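Text of the file structure-v3.json, holding JSON, C-alpha atoms:
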[["chain", "number", "residue", "atom", "x", "y", "z"],
["A", 15, "MET", "CA", -0.26, 43.33, -6.90],
["A", 16, "LYS", "CA", 2.87, 42.46, -8.94],
["A", 17, "LYS", "CA", 4.77, 41.62, -5.72],
["A", 18, "LEU", "CA", 1.96, 39.29, -4.60],
["A", 19, "HIS", "CA", 1.90, 37.56, -8.00],
["A", 20, "PHE", "CA", 5.71, 37.17, -8.03],
["A", 21, "PHE", "CA", 5.64, 35.74, -4.49],
["A", 22, "SER", "CA", 2.92, 33.25, -5.49],
["A", 23, "VAL", "CA", 4.94, 32.08, -8.50],
["A", 24, "VAL", "CA", 8.10, 31.69, -6.37],
["A", 25, "CYS", "CA", 6.17, 29.70, -3.75],
["A", 26, "LEU", "CA", 4.65, 27.44, -6.38],
["A", 27, "LEU", "CA", 8.06, 26.80, -7.95],
["A", 28, "ALA", "CA", 9.55, 26.02, -4.54],
["A", 29, "LEU", "CA", 6.74, 23.56, -3.81],
["A", 30, "PHE", "CA", 7.27, 21.95, -7.20],
["A", 31, "VAL", "CA", 11.02, 21.52, -6.60],
["A", 32, "VAL", "CA", 10.41, 20.08, -3.11],
["A", 33, "SER", "CA", 7.81, 17.63, -4.44],
["A", 34, "LEU", "CA", 10.19, 16.50, -7.20],
["A", 35, "ALA", "CA", 12.90, 15.86, -4.63],
["A", 36, "GLY", "CA", 10.44, 13.80, -2.58],
["A", 37, "CYS", "CA", 9.46, 11.78, -5.62],
["A", 38, "LYS", "CA", 13.09, 11.10, -6.47],
["A", 39, "LYS", "CA", 13.72, 9.90, -2.90],
["A", 40, "GLU", "CA", 10.72, 7.51, -3.07],
["A", 41, "GLU", "CA", 11.87, 6.23, -6.46],
["A", 42, "ASN", "CA", 15.30, 5.44, -5.01],
["A", 43, "ASN", "CA", 13.71, 3.68, -2.02],
["A", 44, "ALA", "CA", 11.53, 1.59, -4.30],
["A", 45, "ASN", "CA", 14.60, 0.31, -6.08],
["A", 46, "ASN", "CA", 16.72, -0.61, -3.09],
["A", 47, "GLY", "CA", 17.60, -4.25, -3.27],
["A", 48, "GLY", "CA", 20.43, -6.02, -1.49],
["A", 49, "ASN", "CA", 18.40, -7.83, 1.14],
["A", 50, "GLY", "CA", 15.17, -7.94, -0.83],
["A", 51, "GLU", "CA", 13.63, -5.00, 1.02],
["A", 52, "SER", "CA", 11.38, -3.06, -1.27],
["A", 53, "GLY", "CA", 9.94, 0.37, -1.57],
["A", 54, "THR", "CA", 7.82, 2.77, 0.35],
["A", 55, "GLY", "CA", 4.59, 1.46, -1.08],
["A", 56, "GLY", "CA", 3.84, 4.52, -3.17],
["A", 57, "GLY", "CA", 3.62, 4.36, -6.86],
["A", 58, "GLY", "CA", 3.63, 1.17, -8.80],
["A", 59, "GLY", "CA", 5.06, 1.82, -12.22],
["A", 60, "ALA", "CA", 8.07, 0.27, -13.92],
["A", 61, "GLN", "CA", 10.27, -0.01, -10.82],
["A", 62, "ALA", "CA", 7.71, -2.10, -8.91],
["A", 63, "GLU", "CA", 8.58, -5.75, -8.65],
["A", 64, "PHE", "CA", 7.27, -8.86, -6.97],
["A", 65, "VAL", "CA", 9.24, -9.94, -3.92],
["A", 66, "ASP", "CA", 9.70, -13.56, -2.92],
["A", 67, "LEU", "CA", 9.27, -13.58, 0.86],
["A", 68, "GLY", "CA", 9.82, -17.34, 1.11],
["A", 69, "LEU", "CA", 6.18, -18.04, 1.97],
["A", 70, "PRO", "CA", 5.07, -21.71, 2.00],
["A", 71, "SER", "CA", 2.49, -21.07, -0.76],
["A", 72, "GLY", "CA", 5.12, -19.54, -3.05],
["A", 73, "THR", "CA", 3.12, -16.29, -3.24],
["A", 74, "LYS", "CA", 5.18, -13.21, -4.12],
["A", 75, "TRP", "CA", 4.02, -9.76, -3.02],
["A", 76, "LYS", "CA", 4.46, -6.61, -5.09],
["A", 77, "SER", "CA", 6.89, -4.04, -3.74],
["A", 78, "SER", "CA", 4.45, -1.10, -3.96],
["A", 79, "ASN", "CA", 0.78, -0.24, -3.76],
["A", 80, "GLU", "CA", -1.37, 0.27, -6.84],
["A", 81, "MET", "CA", -2.04, 3.92, -7.63],
["A", 82, "GLY", "CA", -3.69, 3.60, -11.04],
["A", 83, "ASN", "CA", -6.93, 5.32, -10.09],
["A", 84, "GLY", "CA", -5.15, 8.38, -8.69],
["A", 85, "SER", "CA", -6.12, 8.06, -5.02],
["A", 86, "GLY", "CA", -4.60, 4.63, -4.46],
["A", 87, "PHE", "CA", -7.81, 3.47, -2.77],
["A", 88, "TYR", "CA", -10.20, 0.98, -4.34],
["A", 89, "THR", "CA", -13.64, -0.29, -3.43],
["A", 90, "PHE", "CA", -13.99, -4.06, -3.48],
["A", 91, "ASP", "CA", -15.72, -4.04, -6.88],
["A", 92, "GLU", "CA", -13.13, -1.66, -8.40],
["A", 93, "ALA", "CA", -10.24, -3.77, -7.13],
["A", 94, "VAL", "CA", -11.67, -7.10, -8.31],
["A", 95, "SER", "CA", -12.54, -5.61, -11.69],
["A", 96, "ALA", "CA", -9.15, -3.93, -12.19],
["A", 97, "PHE", "CA", -6.82, -6.62, -10.81],
["A", 98, "GLY", "CA", -8.66, -9.95, -10.87],
["A", 99, "SER", "CA", -6.48, -12.87, -9.81],
["A", 100, "GLN", "CA", -3.55, -10.59, -8.84],
["A", 101, "LEU", "CA", -5.57, -9.37, -5.86],
["A", 102, "PRO", "CA", -4.61, -11.52, -2.84],
["A", 103, "THR", "CA", -7.11, -13.94, -1.36],
["A", 104, "LYS", "CA", -8.00, -13.97, 2.33],
["A", 105, "GLU", "CA", -5.76, -17.03, 2.72],
["A", 106, "GLN", "CA", -2.76, -15.28, 1.10],
["A", 107, "CYS", "CA", -3.29, -12.28, 3.42],
["A", 108, "GLU", "CA", -3.49, -14.59, 6.46],
["A", 109, "GLU", "CA", -0.26, -16.28, 5.37],
["A", 110, "LEU", "CA", 1.44, -12.85, 5.16],
["A", 111, "ILE", "CA", 0.25, -12.03, 8.69],
["A", 112, "ASP", "CA", 1.06, -15.43, 10.21],
["A", 113, "LYS", "CA", 4.34, -16.39, 8.47],
["A", 114, "CYS", "CA", 6.14, -13.03, 8.38],
["A", 115, "THR", "CA", 7.71, -10.79, 10.99],
["A", 116, "TRP", "CA", 6.06, -7.37, 11.14],
["A", 117, "THR", "CA", 8.13, -4.46, 12.45],
["A", 118, "TRP", "CA", 6.46, -1.06, 12.93],
["A", 119, "GLN", "CA", 8.50, 1.81, 11.46],
["A", 120, "SER", "CA", 8.56, 5.39, 12.78],
["A", 121, "ASN", "CA", 7.26, 6.66, 9.41],
["A", 122, "GLY", "CA", 3.87, 4.94, 9.87],
["A", 123, "SER", "CA", 4.47, 1.70, 8.00],
["A", 124, "TYR", "CA", 5.28, -1.94, 8.62],
["A", 125, "LYS", "CA", 8.39, -3.68, 7.39],
["A", 126, "VAL", "CA", 7.12, -7.19, 6.64],
["A", 127, "THR", "CA", 9.95, -9.71, 6.57],
["A", 128, "GLY", "CA", 9.40, -13.16, 5.16],
["A", 129, "PRO", "CA", 10.95, -16.46, 6.31],
["A", 130, "ASN", "CA", 13.79, -16.03, 3.77],
["A", 131, "GLY", "CA", 14.76, -12.54, 5.04],
["A", 132, "ASN", "CA", 13.34, -10.57, 2.10],
["A", 133, "SER", "CA", 10.90, -7.81, 2.99],
["A", 134, "ILE", "CA", 8.30, -5.37, 1.73],
["A", 135, "ILE", "CA", 7.02, -2.14, 3.25],
["A", 136, "LEU", "CA", 3.27, -1.68, 3.86],
["A", 137, "PRO", "CA", 2.39, 1.96, 4.58],
["A", 138, "ALA", "CA", -0.43, 2.81, 6.97],
["A", 139, "ALA", "CA", -2.09, 4.78, 4.19],
["A", 140, "GLY", "CA", -5.52, 4.98, 5.81],
["A", 141, "GLY", "CA", -8.51, 4.72, 3.51],
["A", 142, "ASN", "CA", -11.74, 6.29, 2.29],
["A", 143, "ASP", "CA", -15.13, 5.76, 3.87],
["A", 144, "CYS", "CA", -18.11, 5.10, 1.59],
["A", 145, "ASP", "CA", -18.56, 8.86, 1.09],
["A", 146, "GLY", "CA", -14.94, 9.27, -0.03],
["A", 147, "ASN", "CA", -13.70, 10.91, 3.19],
["A", 148, "LEU", "CA", -10.05, 10.15, 3.94],
["A", 149, "ASP", "CA", -9.35, 8.65, 7.38],
["A", 150, "ASN", "CA", -6.47, 7.29, 9.51],
["A", 151, "VAL", "CA", -3.54, 8.27, 7.23],
["A", 152, "GLY", "CA", -0.24, 7.31, 8.87],
["A", 153, "THR", "CA", -1.86, 5.34, 11.67],
["A", 154, "VAL", "CA", -3.90, 2.50, 10.12],
["A", 155, "GLY", "CA", -3.36, 0.34, 7.06],
["A", 156, "TYR", "CA", -6.19, -1.34, 5.17],
["A", 157, "TYR", "CA", -5.31, -3.74, 2.35],
["A", 158, "ARG", "CA", -7.94, -5.33, 0.08],
["A", 159, "SER", "CA", -8.34, -9.04, -0.46],
["A", 160, "SER", "CA", -10.34, -10.59, -3.29],
["A", 161, "THR", "CA", -12.45, -12.61, -0.86],
["A", 162, "PRO", "CA", -16.00, -11.47, -0.18],
["A", 163, "TYR", "CA", -17.49, -12.03, 3.25],
["A", 164, "SER", "CA", -21.07, -11.50, 2.09],
["A", 165, "GLU", "CA", -23.02, -9.52, -0.49],
["A", 166, "ASN", "CA", -22.16, -6.23, 1.26],
["A", 167, "PHE", "CA", -18.88, -7.00, 3.04],
["A", 168, "ALA", "CA", -15.37, -8.14, 2.09],
["A", 169, "TRP", "CA", -12.20, -9.28, 3.89],
["A", 170, "TYR", "CA", -9.09, -7.12, 4.19],
["A", 171, "ILE", "CA", -5.88, -6.79, 6.20],
["A", 172, "CYS", "CA", -6.12, -4.18, 8.94],
["A", 173, "PHE", "CA", -3.13, -3.01, 10.96],
["A", 174, "TYR", "CA", -1.91, -0.28, 13.25],
["A", 175, "SER", "CA", 1.28, 0.13, 15.28],
["A", 176, "ASP", "CA", 0.69, -2.75, 17.68],
["A", 177, "ASP", "CA", -1.65, -5.19, 15.94],
["A", 178, "LYS", "CA", -2.51, -6.74, 12.58],
["A", 179, "PHE", "CA", -5.46, -8.96, 11.65],
["A", 180, "MET", "CA", -8.02, -9.87, 9.02],
["A", 181, "PHE", "CA", -11.30, -8.01, 9.21],
["A", 182, "TYR", "CA", -14.36, -7.53, 7.03],
["A", 183, "ASP", "CA", -16.33, -4.40, 6.40],
["A", 184, "SER", "CA", -18.32, -2.60, 3.73],
["A", 185, "ARG", "CA", -17.30, -3.31, 0.16],
["A", 186, "CYS", "CA", -17.74, 0.41, -0.64],
["A", 187, "TYR", "CA", -14.76, 1.49, 1.47],
["A", 188, "GLY", "CA", -11.74, 2.66, -0.51],
["A", 189, "LEU", "CA", -8.71, 0.63, 0.64],
["A", 190, "SER", "CA", -5.11, 0.14, -0.51],
["A", 191, "VAL", "CA", -4.25, -2.63, -2.95],
["A", 192, "ARG", "CA", -1.05, -4.69, -2.95],
["A", 193, "LEU", "CA", -0.93, -7.29, -5.71],
["A", 194, "VAL", "CA", 0.42, -10.83, -5.56],
["A", 195, "GLN", "CA", 1.94, -13.28, -8.01],
["A", 196, "LYS", "CA", 1.99, -17.06, -7.73]]
What is this file in structure tokens?
Amino acid sequence: MKKLHFFSVVCLLALFVVSLAGCKKEENNANNGGNGESGTGGGGGAQAEFVDLGLPSGTKWKSSNEMGNGSGFYTFDEAVSAFGSQLPTKEQCEELIDKCTWTWQSNGSYKVTGPNGNSIILPAAGGNDCDGNLDNVGTVGYYRSSTPYSENFAWYICFYSDDKFMFYDSRCYGLSVRLVQK
């Protein structure tokens, strides 16, 4: 029994050390700068910044996703309530899709490069269905907009490795949030 307990403690410590190393790596990625490329999309926090992509509207996109509620996924009502005018509109999302170059990365994310050469990373983080079940992690990205489609539906960015577009679906889905600044 003592051997089993000791092994469990050693395994837990090893997992803790590995997770800390992973967090440190993400933190370093979120702070890389030179060409304006930003982050892995995890986190938020103090290192997150708004990146000027050179979009015609002047909209700047945050360098990481919001994680304030723990899961990183927000229903439409949660996102609008928590972030208000910092949540991008449908038009700002369309501008990101239409005016930027999107390059699929092997880690399941898009590098989105603006007209001025600066870029952000949008992970294909998947999302939650209305029952809270996680789906499509690493293969599909869903990013909330503040624009409702109807009483029960709202617009969002949807992407996977070879396409990106605006779509609308149930407001109860838990989707990623990337904030904007004008």
List the neighbours of Asn121 in chain A out to 9 Å using all atoms listed in the file; skip same-chain residues closer than 2 positions along the sequence, and give me the result as a JSON list (two decimals) with C-alpha atoms, in the frame of the given file.
[["chain", "number", "residue", "atom", "x", "y", "z"],
["A", 118, "TRP", "CA", 6.46, -1.06, 12.93],
["A", 119, "GLN", "CA", 8.50, 1.81, 11.46],
["A", 123, "SER", "CA", 4.47, 1.70, 8.00],
["A", 124, "TYR", "CA", 5.28, -1.94, 8.62],
["A", 137, "PRO", "CA", 2.39, 1.96, 4.58],
["A", 138, "ALA", "CA", -0.43, 2.81, 6.97],
["A", 152, "GLY", "CA", -0.24, 7.31, 8.87]]
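Residue nearest Lys125 in chain A, chosen from A:Leu67, A:Trp169, A:Thr73, A:Ser164 and counting only C-alpha atoms: A:Leu67.
Between CA of Ser77 in chain A and CA of Phe167 in chain A the interatomic distance comes to 26.8 Å.
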Exercise for the section: Quick one: everything within 12 Å of Gly122 in chain A, counting all atoms listed in the file, minus sequence neighbours fewer than 4 positions away in the same chain. Send it as a ChimeraX atom specification. Expected result: /A:54-55,117-118,135-140,150-155,173-176
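Taking CA of Ser160 in chain A and CA of Leu101 in chain A as the two end points, the separation is 5.6 Å.
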Problem - Separation of CA of Gln195 in chain A from CA of Leu110 in chain A, in Å and rounded to one decimal - result: 13.2 Å
Tyr156 in chain A: which residues within 7 Å, counting all atoms listed in the file, same-chain residues fewer than 3 positions away excluded, as a short mmCIF file (atom, residue, chain, number, x, y, z; two decimals) with C-alpha atoms, keeping the file's coordinate frame?
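Resulting contents of result-v8.cif:
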data_model
loop_
_atom_site.label_atom_id
_atom_site.label_comp_id
_atom_site.auth_asym_id
_atom_site.auth_seq_id
_atom_site.Cartn_x
_atom_site.Cartn_y
_atom_site.Cartn_z
CA GLY A 140 -5.52 4.98 5.81
CA GLY A 141 -8.51 4.72 3.51
CA TYR A 170 -9.09 -7.12 4.19
CA ILE A 171 -5.88 -6.79 6.20
CA CYS A 172 -6.12 -4.18 8.94
CA PHE A 173 -3.13 -3.01 10.96
CA LEU A 189 -8.71 0.63 0.64
CA SER A 190 -5.11 0.14 -0.51
#
Practice task
For Leu69 in chain A, list every protein, DNA or RNA residue within 9 Å, evaluated using only C-alpha atoms, and leave out those in the same chain fewer than 2 positions away; present the list as a ChimeraX atom specification.
Solution key: /A:66-67,71-74,109-110,113-114,128-130
How about saving the chosen residues, C-alpha atoms kept, as a compact mmCIF listing (two decimals), in the frame of the given file?
# COMPACT_ATOMS: atom_id res chain seq x y z
CA ASP A 66 9.70 -13.56 -2.92
CA LEU A 67 9.27 -13.58 0.86
CA SER A 71 2.49 -21.07 -0.76
CA GLY A 72 5.12 -19.54 -3.05
CA THR A 73 3.12 -16.29 -3.24
CA LYS A 74 5.18 -13.21 -4.12
CA GLU A 109 -0.26 -16.28 5.37
CA LEU A 110 1.44 -12.85 5.16
CA LYS A 113 4.34 -16.39 8.47
CA CYS A 114 6.14 -13.03 8.38
CA GLY A 128 9.40 -13.16 5.16
CA PRO A 129 10.95 -16.46 6.31
CA ASN A 130 13.79 -16.03 3.77
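Here the question is which of A:Met81, A:Ile134, A:Ala168, A:Val65 gets nearest to Ala96 in chain A using only C-alpha atoms, and that residue is A:Met81.
Each of A:Thr89, A:Asn79, A:Ser120, A:Thr161 was checked against Asp145 in chain A using all atoms listed in the file; the smallest atom-to-atom distance is that of A:Thr89.
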Write out as AutoDock Vina command-line options an axis-aligned box for range 83-90 of chain A: all of its atoms listed in the file, 8 Å added on each side, centre and edge lengths in Å with one decimal.
--center_x -9.3 --center_y 2.2 --center_z -6.4 --size_x 25.4 --size_y 28.4 --size_z 23.3
Fill in the blank from the handout: Counting only C-alpha atoms, the residue among A:Val126, A:Val194, A:Ala62, A:Cys186 that lies closest to Tyr88 in chain A is A:Cys186
